Structure formats: C-alpha cells, structure tokens
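Source file: coords11.json; contents: JSON, C-alpha atoms.
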[["chain", "number", "residue", "atom", "x", "y", "z"],
["A", 63, "MET", "CA", 194.31, 102.79, 178.32],
["A", 64, "ILE", "CA", 190.87, 104.27, 177.77],
["A", 65, "SER", "CA", 188.27, 101.60, 177.02],
["A", 66, "LYS", "CA", 185.84, 101.81, 174.15],
["A", 67, "GLU", "CA", 183.03, 101.55, 176.70],
["A", 68, "GLN", "CA", 184.25, 104.70, 178.46],
["A", 69, "ILE", "CA", 184.52, 106.57, 175.17],
["A", 70, "ALA", "CA", 180.97, 105.59, 174.23],
["A", 71, "ALA", "CA", 179.64, 106.59, 177.66],
["A", 72, "ASP", "CA", 181.28, 110.03, 177.52],
["A", 73, "TYR", "CA", 179.96, 110.59, 174.00],
["A", 74, "GLN", "CA", 176.44, 109.76, 175.21],
["A", 75, "GLN", "CA", 176.81, 112.38, 177.94],
["A", 76, "ILE", "CA", 177.85, 114.97, 175.35],
["A", 77, "GLN", "CA", 174.77, 114.08, 173.29],
["A", 78, "ASP", "CA", 172.59, 114.70, 176.38],
["A", 79, "GLU", "CA", 174.24, 118.04, 177.10],
["A", 80, "ILE", "CA", 173.87, 119.31, 173.53],
["A", 81, "CYS", "CA", 170.23, 118.26, 173.21],
["A", 82, "ALA", "CA", 169.27, 120.01, 176.45],
["A", 83, "ALA", "CA", 171.02, 123.22, 175.40],
["A", 84, "LEU", "CA", 169.50, 123.23, 171.91],
["A", 85, "GLU", "CA", 166.00, 122.79, 173.34],
["A", 86, "GLN", "CA", 166.61, 125.75, 175.62],
["A", 87, "THR", "CA", 167.91, 127.82, 172.71],
["A", 88, "ASP", "CA", 164.92, 127.03, 170.52],
["A", 89, "GLY", "CA", 162.40, 127.58, 173.31],
["A", 90, "VAL", "CA", 159.59, 125.63, 171.62],
["A", 91, "ALA", "CA", 160.60, 122.32, 170.06],
["A", 92, "LYS", "CA", 161.71, 119.22, 171.92],
["A", 93, "PHE", "CA", 163.83, 116.34, 170.68],
["A", 94, "GLU", "CA", 162.14, 113.09, 169.80],
["A", 95, "GLU", "CA", 164.27, 110.04, 170.59],
["A", 96, "GLU", "CA", 164.33, 106.71, 168.85],
["A", 97, "LYS", "CA", 166.56, 103.96, 170.19],
["A", 98, "TRP", "CA", 167.64, 101.44, 167.58],
["A", 99, "GLU", "CA", 169.68, 98.30, 167.20],
["A", 100, "ARG", "CA", 171.90, 97.52, 164.26],
["A", 101, "GLU", "CA", 171.62, 94.14, 162.62],
["A", 102, "GLY", "CA", 175.12, 92.77, 163.07],
["A", 103, "GLY", "CA", 175.92, 94.52, 166.32],
["A", 104, "GLY", "CA", 175.38, 97.64, 168.38],
["A", 105, "GLY", "CA", 172.90, 100.46, 168.06],
["A", 106, "GLY", "CA", 172.26, 104.04, 168.98],
["A", 107, "ARG", "CA", 169.99, 106.90, 169.93],
["A", 108, "THR", "CA", 168.62, 109.08, 167.15],
["A", 109, "ARG", "CA", 167.28, 112.41, 168.39],
["A", 110, "ILE", "CA", 165.44, 114.74, 166.02],
["A", 111, "ILE", "CA", 164.15, 118.27, 166.59],
["A", 112, "GLN", "CA", 161.65, 119.71, 164.11],
["A", 113, "SER", "CA", 159.34, 122.66, 163.49],
["A", 114, "GLY", "CA", 160.78, 124.78, 166.27],
["A", 115, "ASP", "CA", 160.96, 128.51, 166.76],
["A", 116, "ILE", "CA", 164.36, 128.61, 165.04],
["A", 117, "PHE", "CA", 165.32, 124.98, 164.28],
["A", 118, "GLU", "CA", 163.38, 123.71, 161.29],
["A", 119, "LYS", "CA", 165.07, 120.32, 161.38],
["A", 120, "GLY", "CA", 168.03, 118.97, 163.27],
["A", 121, "GLY", "CA", 169.53, 115.76, 164.51],
["A", 122, "VAL", "CA", 171.88, 114.92, 167.38],
["A", 123, "ASN", "CA", 172.71, 111.25, 167.00],
["A", 124, "PHE", "CA", 174.77, 108.84, 169.06],
["A", 125, "SER", "CA", 175.86, 105.41, 167.88],
["A", 126, "ALA", "CA", 178.09, 102.60, 169.10],
["A", 127, "VAL", "CA", 178.23, 99.81, 166.53],
["A", 128, "HIS", "CA", 180.34, 96.73, 166.00],
["A", 129, "GLY", "CA", 180.50, 93.70, 163.77],
["A", 130, "GLN", "CA", 182.12, 92.78, 160.50],
["A", 131, "LEU", "CA", 183.21, 95.18, 157.79],
["A", 132, "PRO", "CA", 182.18, 94.47, 154.20],
["A", 133, "ASP", "CA", 184.99, 93.90, 151.71],
["A", 134, "THR", "CA", 184.53, 97.33, 150.13],
["A", 135, "MET", "CA", 185.21, 99.07, 153.45],
["A", 136, "LYS", "CA", 188.14, 96.78, 154.28],
["A", 137, "ARG", "CA", 189.78, 97.78, 151.01],
["A", 138, "ALA", "CA", 189.06, 101.46, 151.58],
["A", 139, "LEU", "CA", 190.55, 101.34, 155.09],
["A", 140, "GLN", "CA", 193.39, 99.01, 154.01],
["A", 141, "VAL", "CA", 192.70, 96.44, 156.71],
["A", 142, "ASP", "CA", 192.26, 92.69, 156.65],
["A", 143, "SER", "CA", 190.36, 92.17, 159.90],
["A", 144, "ASP", "CA", 186.62, 91.66, 159.78],
["A", 145, "ASP", "CA", 185.82, 92.98, 163.25],
["A", 146, "PHE", "CA", 185.35, 96.67, 164.03],
["A", 147, "PHE", "CA", 183.94, 98.99, 166.68],
["A", 148, "ALA", "CA", 182.86, 102.57, 166.03],
["A", 149, "THR", "CA", 181.18, 105.13, 168.24],
["A", 150, "GLY", "CA", 180.44, 108.81, 167.88],
["A", 151, "VAL", "CA", 178.10, 111.76, 168.00],
["A", 152, "SER", "CA", 176.92, 113.39, 164.78],
["A", 153, "ILE", "CA", 174.99, 116.66, 164.53],
["A", 154, "VAL", "CA", 173.38, 118.63, 161.73],
["A", 155, "ILE", "CA", 171.09, 121.62, 162.36],
["A", 156, "HIS", "CA", 169.02, 123.33, 159.65],
["A", 157, "PRO", "CA", 167.51, 126.60, 160.93],
["A", 158, "ASN", "CA", 164.37, 128.16, 159.46],
["A", 159, "HIS", "CA", 166.01, 131.61, 159.28],
["A", 160, "PRO", "CA", 168.24, 132.48, 156.28],
["A", 161, "MET", "CA", 170.62, 134.53, 158.43],
["A", 162, "VAL", "CA", 171.23, 131.67, 160.88],
["A", 163, "PRO", "CA", 173.80, 129.21, 159.53],
["A", 164, "ILE", "CA", 173.64, 125.46, 159.07],
["A", 165, "ILE", "CA", 176.10, 123.68, 161.34],
["A", 166, "HIS", "CA", 177.58, 120.20, 161.37],
["A", 167, "MET", "CA", 179.64, 118.46, 164.03],
["A", 168, "ASN", "CA", 181.00, 114.97, 164.38],
["A", 169, "ILE", "CA", 183.22, 113.35, 167.01],
["A", 170, "ARG", "CA", 184.05, 109.69, 166.60],
["A", 171, "TYR", "CA", 186.26, 106.77, 167.60],
["A", 172, "PHE", "CA", 187.13, 103.66, 165.57],
["A", 173, "GLU", "CA", 189.06, 100.51, 166.36],
["A", 174, "MET", "CA", 189.95, 97.17, 164.78],
["A", 175, "PRO", "CA", 192.08, 94.31, 166.11],
["A", 176, "SER", "CA", 194.84, 94.30, 163.47],
["A", 177, "THR", "CA", 196.30, 95.94, 160.37],
["A", 178, "MET", "CA", 196.78, 94.65, 156.84],
["A", 179, "GLY", "CA", 199.67, 92.23, 156.48],
["A", 180, "GLY", "CA", 199.37, 90.16, 159.64],
["A", 181, "ASN", "CA", 200.53, 92.78, 162.13],
["A", 182, "ASP", "CA", 198.75, 92.11, 165.42],
["A", 183, "LYS", "CA", 198.88, 95.73, 166.57],
["A", 184, "PRO", "CA", 195.31, 97.04, 166.84],
["A", 185, "ILE", "CA", 194.09, 99.98, 164.83],
["A", 186, "ARG", "CA", 192.67, 102.82, 166.92],
["A", 187, "TRP", "CA", 191.90, 106.39, 165.99],
["A", 188, "PHE", "CA", 189.80, 109.44, 166.71],
["A", 189, "GLY", "CA", 188.25, 111.72, 164.13],
["A", 190, "GLY", "CA", 185.82, 114.58, 163.94],
["A", 191, "GLY", "CA", 185.32, 118.23, 163.27],
["A", 192, "ILE", "CA", 182.92, 121.15, 163.13],
["A", 193, "ASP", "CA", 182.06, 123.18, 160.04],
["A", 194, "LEU", "CA", 179.68, 126.05, 159.36],
["A", 195, "THR", "CA", 177.56, 126.60, 156.27],
["A", 196, "PRO", "CA", 176.07, 130.10, 156.31],
["A", 197, "HIS", "CA", 173.40, 130.88, 153.76],
["A", 198, "TYR", "CA", 174.86, 134.40, 153.85],
["A", 199, "VAL", "CA", 178.49, 134.77, 154.91],
["A", 200, "ILE", "CA", 178.71, 137.42, 157.63],
["A", 201, "ASP", "CA", 182.32, 138.40, 158.25],
["A", 202, "GLU", "CA", 182.13, 138.96, 162.00],
["A", 203, "ASP", "CA", 180.29, 135.65, 162.50],
["A", 204, "ALA", "CA", 182.87, 133.76, 160.44],
["A", 205, "LYS", "CA", 185.69, 135.27, 162.51],
["A", 206, "PHE", "CA", 183.93, 134.45, 165.79],
["A", 207, "PHE", "CA", 183.34, 130.85, 164.68],
["A", 208, "HIS", "CA", 186.93, 130.22, 163.63],
["A", 209, "LYS", "CA", 188.40, 131.94, 166.70],
["A", 210, "GLY", "CA", 186.31, 129.68, 168.93],
["A", 211, "LEU", "CA", 187.63, 126.59, 167.18],
["A", 212, "LYS", "CA", 191.20, 127.90, 167.23],
["A", 213, "ASP", "CA", 191.00, 128.47, 170.99],
["A", 214, "VAL", "CA", 189.96, 124.84, 171.53],
["A", 215, "CYS", "CA", 192.68, 123.52, 169.23],
["A", 216, "ASP", "CA", 195.42, 125.72, 170.69],
["A", 217, "ALA", "CA", 194.68, 124.44, 174.19],
["A", 218, "PHE", "CA", 195.81, 120.95, 173.12],
["A", 219, "TYR", "CA", 198.48, 121.30, 170.44],
["A", 220, "HIS", "CA", 200.12, 124.25, 168.74],
["A", 221, "ASP", "CA", 199.41, 123.28, 165.12],
["A", 222, "PHE", "CA", 196.02, 121.56, 165.46],
["A", 223, "TYR", "CA", 194.04, 124.54, 164.18],
["A", 224, "HIS", "CA", 196.30, 125.20, 161.20],
["A", 225, "ARG", "CA", 196.38, 121.54, 160.16],
["A", 226, "PHE", "CA", 192.72, 120.82, 160.76],
["A", 227, "LYS", "CA", 191.53, 124.06, 159.16],
["A", 228, "LEU", "CA", 193.37, 123.18, 155.94],
["A", 229, "TRP", "CA", 191.96, 119.66, 156.14],
["A", 230, "ALA", "CA", 188.42, 121.07, 156.47],
["A", 231, "ASP", "CA", 188.94, 123.38, 153.47],
["A", 232, "ASP", "CA", 189.96, 120.38, 151.37],
["A", 233, "TYR", "CA", 187.34, 117.99, 152.73],
["A", 234, "PHE", "CA", 184.25, 120.22, 152.60],
["A", 235, "PHE", "CA", 184.76, 121.07, 148.95],
["A", 236, "ILE", "CA", 182.16, 120.46, 146.26],
["A", 237, "LYS", "CA", 184.42, 119.53, 143.38],
["A", 238, "HIS", "CA", 181.76, 119.57, 140.69],
["A", 239, "ARG", "CA", 180.81, 123.14, 141.72],
["A", 240, "ASN", "CA", 184.37, 124.31, 142.45],
["A", 241, "GLU", "CA", 183.21, 125.83, 145.73],
["A", 242, "THR", "CA", 183.43, 125.03, 149.42],
["A", 243, "ARG", "CA", 180.30, 123.88, 151.22],
["A", 244, "GLY", "CA", 180.54, 126.83, 153.58],
["A", 245, "ILE", "CA", 183.28, 128.62, 155.50],
["A", 246, "GLY", "CA", 184.88, 125.41, 156.72],
["A", 247, "GLY", "CA", 186.03, 124.90, 160.26],
["A", 248, "VAL", "CA", 188.23, 122.07, 161.49],
["A", 249, "PHE", "CA", 188.32, 118.44, 160.38],
["A", 250, "TYR", "CA", 190.60, 115.56, 161.31],
["A", 251, "ASP", "CA", 190.70, 111.80, 160.90],
["A", 252, "ARG", "CA", 192.83, 108.86, 162.07],
["A", 253, "LEU", "CA", 194.34, 110.88, 164.91],
["A", 254, "THR", "CA", 196.42, 108.52, 167.04],
["A", 255, "ALA", "CA", 198.73, 108.73, 170.05],
["A", 256, "ASN", "CA", 202.36, 109.73, 169.47],
["A", 257, "ASP", "CA", 205.34, 111.17, 171.34],
["A", 258, "ASP", "CA", 203.54, 114.48, 171.85],
["A", 259, "LEU", "CA", 199.97, 113.30, 172.48],
["A", 260, "SER", "CA", 198.66, 110.44, 174.59],
["A", 261, "TRP", "CA", 195.37, 108.65, 174.02],
["A", 262, "GLU", "CA", 194.00, 110.61, 176.98],
["A", 263, "ASN", "CA", 195.06, 113.91, 175.35],
["A", 264, "ILE", "CA", 193.36, 113.02, 172.09],
["A", 265, "PHE", "CA", 190.18, 111.84, 173.81],
["A", 266, "ASP", "CA", 190.08, 115.03, 175.90],
["A", 267, "PHE", "CA", 190.48, 117.07, 172.71],
["A", 268, "SER", "CA", 187.61, 115.15, 171.11],
["A", 269, "LYS", "CA", 185.36, 115.92, 174.07],
["A", 270, "ALA", "CA", 186.44, 119.56, 174.26],
["A", 271, "LEU", "CA", 185.64, 120.03, 170.59],
["A", 272, "GLY", "CA", 182.24, 118.43, 171.13],
["A", 273, "ARG", "CA", 181.49, 120.68, 174.08],
["A", 274, "SER", "CA", 182.52, 123.80, 172.14],
["A", 275, "PHE", "CA", 179.49, 123.28, 169.89],
["A", 276, "ILE", "CA", 176.92, 124.87, 172.19],
["A", 277, "PRO", "CA", 178.67, 128.13, 173.21],
["A", 278, "ILE", "CA", 179.75, 128.77, 169.63],
["A", 279, "TYR", "CA", 176.49, 127.91, 167.87],
["A", 280, "THR", "CA", 174.05, 129.43, 170.34],
["A", 281, "GLU", "CA", 175.92, 132.73, 170.07],
["A", 282, "LEU", "CA", 175.55, 132.67, 166.28],
["A", 283, "VAL", "CA", 171.87, 131.75, 166.54],
["A", 284, "ASN", "CA", 171.05, 134.51, 169.00],
["A", 285, "ARG", "CA", 172.98, 137.13, 167.00],
["A", 286, "ASN", "CA", 170.87, 136.52, 163.91],
["A", 287, "ARG", "CA", 167.48, 135.05, 164.82],
["A", 288, "ILE", "CA", 165.81, 138.45, 165.31],
["A", 289, "LYS", "CA", 166.89, 139.86, 161.94],
["A", 290, "THR", "CA", 164.18, 140.45, 159.36],
["A", 291, "PHE", "CA", 164.31, 138.65, 156.03],
["A", 292, "THR", "CA", 162.47, 138.58, 152.72],
["A", 293, "GLU", "CA", 161.10, 135.88, 150.45],
["A", 294, "ASN", "CA", 164.20, 136.34, 148.26],
["A", 295, "HIS", "CA", 166.40, 135.57, 151.26],
["A", 296, "GLN", "CA", 164.39, 132.41, 151.89],
["A", 297, "GLN", "CA", 164.68, 131.27, 148.28],
["A", 298, "TRP", "CA", 168.45, 131.76, 148.47],
["A", 299, "GLN", "CA", 168.47, 129.67, 151.64],
["A", 300, "TYR", "CA", 166.78, 126.82, 149.74],
["A", 301, "GLN", "CA", 169.33, 127.20, 146.95],
["A", 302, "ARG", "CA", 172.23, 126.93, 149.40],
["A", 303, "ARG", "CA", 170.62, 123.90, 151.02],
["A", 304, "SER", "CA", 170.78, 122.14, 147.68],
["A", 305, "ARG", "CA", 174.56, 122.50, 147.68],
["A", 306, "TYR", "CA", 174.67, 121.06, 151.18],
["A", 307, "THR", "CA", 172.65, 118.09, 149.98],
["A", 308, "GLU", "CA", 174.92, 117.52, 146.99],
["A", 309, "PHE", "CA", 178.00, 117.35, 149.18],
["A", 310, "ASN", "CA", 176.49, 114.93, 151.67],
["A", 311, "LEU", "CA", 175.20, 112.53, 149.04],
["A", 312, "VAL", "CA", 178.24, 112.62, 146.76],
["A", 313, "TYR", "CA", 181.30, 113.15, 148.96],
["A", 314, "ASP", "CA", 180.60, 112.71, 152.67],
["A", 315, "ALA", "CA", 182.63, 109.82, 154.13],
["A", 316, "GLY", "CA", 180.30, 109.32, 157.09],
["A", 317, "THR", "CA", 177.31, 108.86, 154.81],
["A", 318, "ARG", "CA", 179.22, 106.32, 152.73],
["A", 319, "PHE", "CA", 180.44, 104.47, 155.84],
["A", 320, "GLY", "CA", 176.91, 104.25, 157.23],
["A", 321, "LEU", "CA", 175.48, 102.93, 153.99],
["A", 322, "GLU", "CA", 178.33, 100.47, 153.43],
["A", 323, "THR", "CA", 178.06, 99.03, 156.96],
["A", 324, "ASN", "CA", 174.30, 98.51, 156.86],
["A", 325, "GLY", "CA", 173.59, 101.50, 159.05],
["A", 326, "ARG", "CA", 170.18, 102.88, 159.88],
["A", 327, "ILE", "CA", 169.00, 104.87, 156.86],
["A", 328, "GLU", "CA", 166.88, 107.41, 158.75],
["A", 329, "SER", "CA", 169.81, 108.26, 161.02],
["A", 330, "ILE", "CA", 172.31, 108.45, 158.15],
["A", 331, "LEU", "CA", 170.15, 110.77, 156.06],
["A", 332, "MET", "CA", 168.97, 113.01, 158.90],
["A", 333, "SER", "CA", 171.59, 115.48, 157.63],
["A", 334, "LEU", "CA", 169.43, 116.39, 154.64],
["A", 335, "PRO", "CA", 167.36, 119.60, 154.85],
["A", 336, "PRO", "CA", 163.56, 119.48, 154.84],
["A", 337, "THR", "CA", 163.32, 121.76, 151.79],
["A", 338, "ALA", "CA", 165.89, 122.53, 149.09],
["A", 339, "LYS", "CA", 165.73, 123.90, 145.55],
["A", 340, "TRP", "CA", 167.82, 123.46, 142.44],
["A", 341, "VAL", "CA", 167.36, 126.57, 140.30],
["A", 342, "TYR", "CA", 168.65, 126.02, 136.79],
["A", 343, "ASN", "CA", 171.77, 128.08, 135.99],
["A", 344, "TYR", "CA", 171.25, 130.52, 138.85],
["A", 345, "GLN", "CA", 173.30, 133.71, 138.52],
["A", 346, "PRO", "CA", 173.35, 136.19, 141.43],
["A", 347, "THR", "CA", 172.78, 139.86, 140.83],
["A", 348, "ALA", "CA", 176.02, 141.82, 140.52],
["A", 349, "GLY", "CA", 176.93, 143.47, 143.81],
["A", 350, "SER", "CA", 174.37, 141.50, 145.80],
["A", 351, "GLU", "CA", 174.85, 139.73, 149.13],
["A", 352, "GLU", "CA", 174.36, 136.48, 147.28],
["A", 353, "GLU", "CA", 177.26, 137.27, 144.96],
["A", 354, "LYS", "CA", 179.41, 138.20, 147.96],
["A", 355, "THR", "CA", 178.65, 134.88, 149.63],
["A", 356, "LEU", "CA", 179.59, 132.93, 146.51],
["A", 357, "SER", "CA", 182.87, 134.84, 146.29],
["A", 358, "LEU", "CA", 183.77, 133.67, 149.81],
["A", 359, "LEU", "CA", 183.11, 129.98, 149.22],
["A", 360, "LYS", "CA", 186.71, 129.10, 148.52],
["A", 361, "LYS", "CA", 189.67, 127.52, 150.24],
["A", 362, "GLY", "CA", 192.40, 129.36, 152.09],
["A", 363, "ILE", "CA", 190.55, 132.28, 153.69],
["A", 364, "ASN", "CA", 192.17, 133.15, 157.04],
["A", 365, "TRP", "CA", 189.12, 133.86, 159.18],
["A", 366, "ALA", "CA", 190.92, 133.53, 162.52]]
Could the structure of this file be written out as structure tokens, please?
Amino acid sequence: MISKEQIAADYQQIQDEICAALEQTDGVAKFEEEKWEREGGGGGRTRIIQSGDIFEKGGVNFSAVHGQLPDTMKRALQVDSDDFFATGVSIVIHPNHPMVPIIHMNIRYFEMPSTMGGNDKPIRWFGGGIDLTPHYVIDEDAKFFHKGLKDVCDAFYHDFYHRFKLWADDYFFIKHRNETRGIGGVFYDRLTANDDLSWENIFDFSKALGRSFIPIYTELVNRNRIKTFTENHQQWQYQRRSRYTEFNLVYDAGTRFGLETNGRIESILMSLPPTAKWVYNYQPTAGSEEEKTLSLLKKGINWA
C-alpha cells in the first residue's frame, strides 16, 4: 500500500519540476517561495511567479495538511471522523498576453480513518484535473489541449477521458452566467481502487496527469506569445478574467475546502488574477472573435 508520506513526497517533486520548467519558459521571472505551517497540522510551500515576460501572475502550490475537520465539512463529505490528511499540488497561471490561455491544474489525495456509521474501513481517494480558459478560443489549440489529456487518460483506462471530460464540463460551469469557464479539460474526484485499478495505478495516473502539464502548456504558450494584440484584446482579457474570478469565489470546491479548514488565505486565493474588469451588460460585436468565443463556452463540445 502506498503511504501518504510517499504520495506527498512525489507531489513535491512534481511541484519542483513544474516550477523549473515554467521559469525556463518565461525566461525572466523566478518563483518566490514561502514555506508555511497550518495551525492544526501540516503546512506547505507556496510558490508565486509575477511580472514575467509572459506570466503576469501564477502560483504552483504544494500542501500536506492534517488535523480535525469542522462539522460543516464532515457533513459535506458524509463522514463522522474528525481526523483527516490531504496533500496535493495546485496551479493557476495568468499570462499577460490575451492570446495565451489561463490554465489550472490540481492533483490531490485525501484520507480519513473511517466512514459514517461506524464502519472502520478508512476513506481514501485521489482527485484532480486540468482545465483551460482561453481568453480567445482558438480551435487548433483546443484540439491539441484535449488530445494531450486524452492520450494521458487512455494510457491508464479506456473510459477515463470520456468520463472525466464530461465531469469537467459539468464542474467548470458558471451557472449564473449559463456558460462554461473555458473549454474544460478533465476533472475527477473520489477515485478509488477497484477490480480494474489498483492504488498504484491511480497514483501513477495522478502523477502522469501532473507531468502532462508542462509539455501541453508550454506548447500553447510558445504558439501564441509572439502574436500581436490590441488594447481591445487586452480589455477582453480582463473581462474574461472576471468570469474566472466569479467561478473560483462562488463554486470552486478547493477554495471552499481551504477556507472551511482554516487554510492559508494567500495560498487559497492565489488563483485570482491581478487585474479583472466587470463591464456592465457587455455585448460583443456581431461576427467578432469575442462573439465566437462566447458561442464556444458551452458543454458537450467534442474537441478531441
């Protein structure tokens, strides 16, 4: 059985690998690291990159926390045990270029000693995913992104991509806007061992998904970073960032979990962009690239 210490150690290594590659991709900015301890148990490493050649603000965070769950989280998770352990890597990158997309990734592991109702069997699961939020949806980039994720999923189980793509469409949905946050990706939660998949299989999948981040995202960055853009493009970027902010503050489960478990506020809210705008009743020009992007922010598009 894989130990929680081994999972945390491998996740830390993935954090190191991603930070080094992102610094190389940017070429200017370096990550600043802050190590922190959580009151109640555990801690983490927050790493922030800012004011770079292409990355305006980004975070690659690792945490391994433990302690007691508040009653609100116990009810939400349908557990009666107080003790928990959670570890993971969480990433959000906000580029300064409107043609380079926002990206989010999270890989995580959670365990508790028992389930609701006195069953002594421990609760253990993996979760995670990657999703892309282009300011402008570019068809060939969307297809490349989804094919990369499908290749990773297909290497482990035949229906992972189909299941997790549908899950991402449903999860990354801004209900009050009736639009998806971006073009989705893959998302999964409470993935446990079964007759087809061992704990080692699931952990290997989690790590493979985490390590797919760099080859996929750096390709998208380098495709688009040299394109010219106008002030109108930049203003649209700020408008799309506001939608990203709305989702994270209203719907994101990781944000809620962090706040409910007395997490570190600066690390939890590192996902928010440095600048965003809420334009009242914005309506895109008919036939514009902005209108095209809005038309593609919906569930069920088969990009792969």
For the point (182.6, 122.7, 144.4) in the file's frame, write as a list in words all residues with an atom no more than 10 Å away, counting all atoms listed in the file.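 Counting all atoms listed in the file, I find these residues within 10 Å of (182.6, 122.7, 144.4): Phe234, Phe235, Ile236, Lys237, His238, Arg239, Asn240, Glu241, Thr242, Arg243, Arg305, Glu308, Phe309, Leu359 and Lys360 of chain A.
Closest approach to Lys212 of chain A from the set A:Leu253, A:Ala366, A:Ala148, A:Ala71 is made by A:Ala366, with distances taken over all atoms listed in the file.
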How close does each residue of segment 115-188 of chain A get to segment 262-278 of chain A, giving the shortest atom pair and distance in Å to one decimal for every residue with an atom at most 9 Å away, counting only C-alpha atoms, sorted by chain and residue number, as CSV?
residue,atom,partner,partner_atom,distance
A:Val151,CA,A:Gly272,CA,8.5
A:Met167,CA,A:Gly272,CA,7.6
A:Asn168,CA,A:Gly272,CA,7.7
A:Ile169,CA,A:Ser268,CA,6.3
A:Arg170,CA,A:Ser268,CA,7.9
A:Tyr171,CA,A:Phe265,CA,8.9
A:Phe188,CA,A:Ile264,CA,7.4
Kindly export the residues of the current selection with C-alpha atoms, as a PDB file, in the coordinates of the input.
ATOM      1  CA  VAL A 151     178.100 111.760 168.000  1.00  0.00           C
ATOM      2  CA  MET A 167     179.640 118.460 164.030  1.00  0.00           C
ATOM      3  CA  ASN A 168     181.000 114.970 164.380  1.00  0.00           C
ATOM      4  CA  ILE A 169     183.220 113.350 167.010  1.00  0.00           C
ATOM      5  CA  ARG A 170     184.050 109.690 166.600  1.00  0.00           C
ATOM      6  CA  TYR A 171     186.260 106.770 167.600  1.00  0.00           C
ATOM      7  CA  PHE A 188     189.800 109.440 166.710  1.00  0.00           C
TER       8      PHE A 188
END
Nearest to Ile185 of chain A, chosen from A:Leu311, A:Lys136, A:Val162, A:Thr254, with all atoms listed in the file counted in the distances: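 Checking each of A:Leu311, A:Lys136, A:Val162, A:Thr254 against Ile185 of chain A, counting all atoms listed in the file, the winner is A:Thr254.
Distance annotation: of A:Ser333, A:Phe206, A:Thr355, A:Phe249, the residue with the minimal separation from Lys227 of chain A is A:Phe249; atom set is all atoms listed in the file.
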Between A:Trp365, A:Arg326, A:Asp145, A:Thr317, single out the one closest to Glu99 of chain A, counting only C-alpha atoms.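 Checking each candidate against Glu99 of chain A, we get A:Arg326 as the closest.
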Grab the atom CA of Ala338 of chain A to atom CA of Pro160 of chain A distance for me, in Å with one decimal place. 12.5 Å
Residue contacts of Gly244 of chain A (12 Å, only C-alpha atoms) excluding same-chain residues fewer than 6 positions away, as a ChimeraX atom specification: /A:163-166,192-200,204,230-236,302-303,305-306,309,355-361,363
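The residue that comes closest to Glu328 of chain A, out of A:Trp98, A:Phe207, A:Tyr73, A:Phe93 and on the basis of only C-alpha atoms, is A:Trp98.
Distances here use all atoms listed in the file; by that measure, the residue among A:Ala315, A:Met161, A:Asp213, A:Gly320 closest to Glu352 of chain A is A:Met161.
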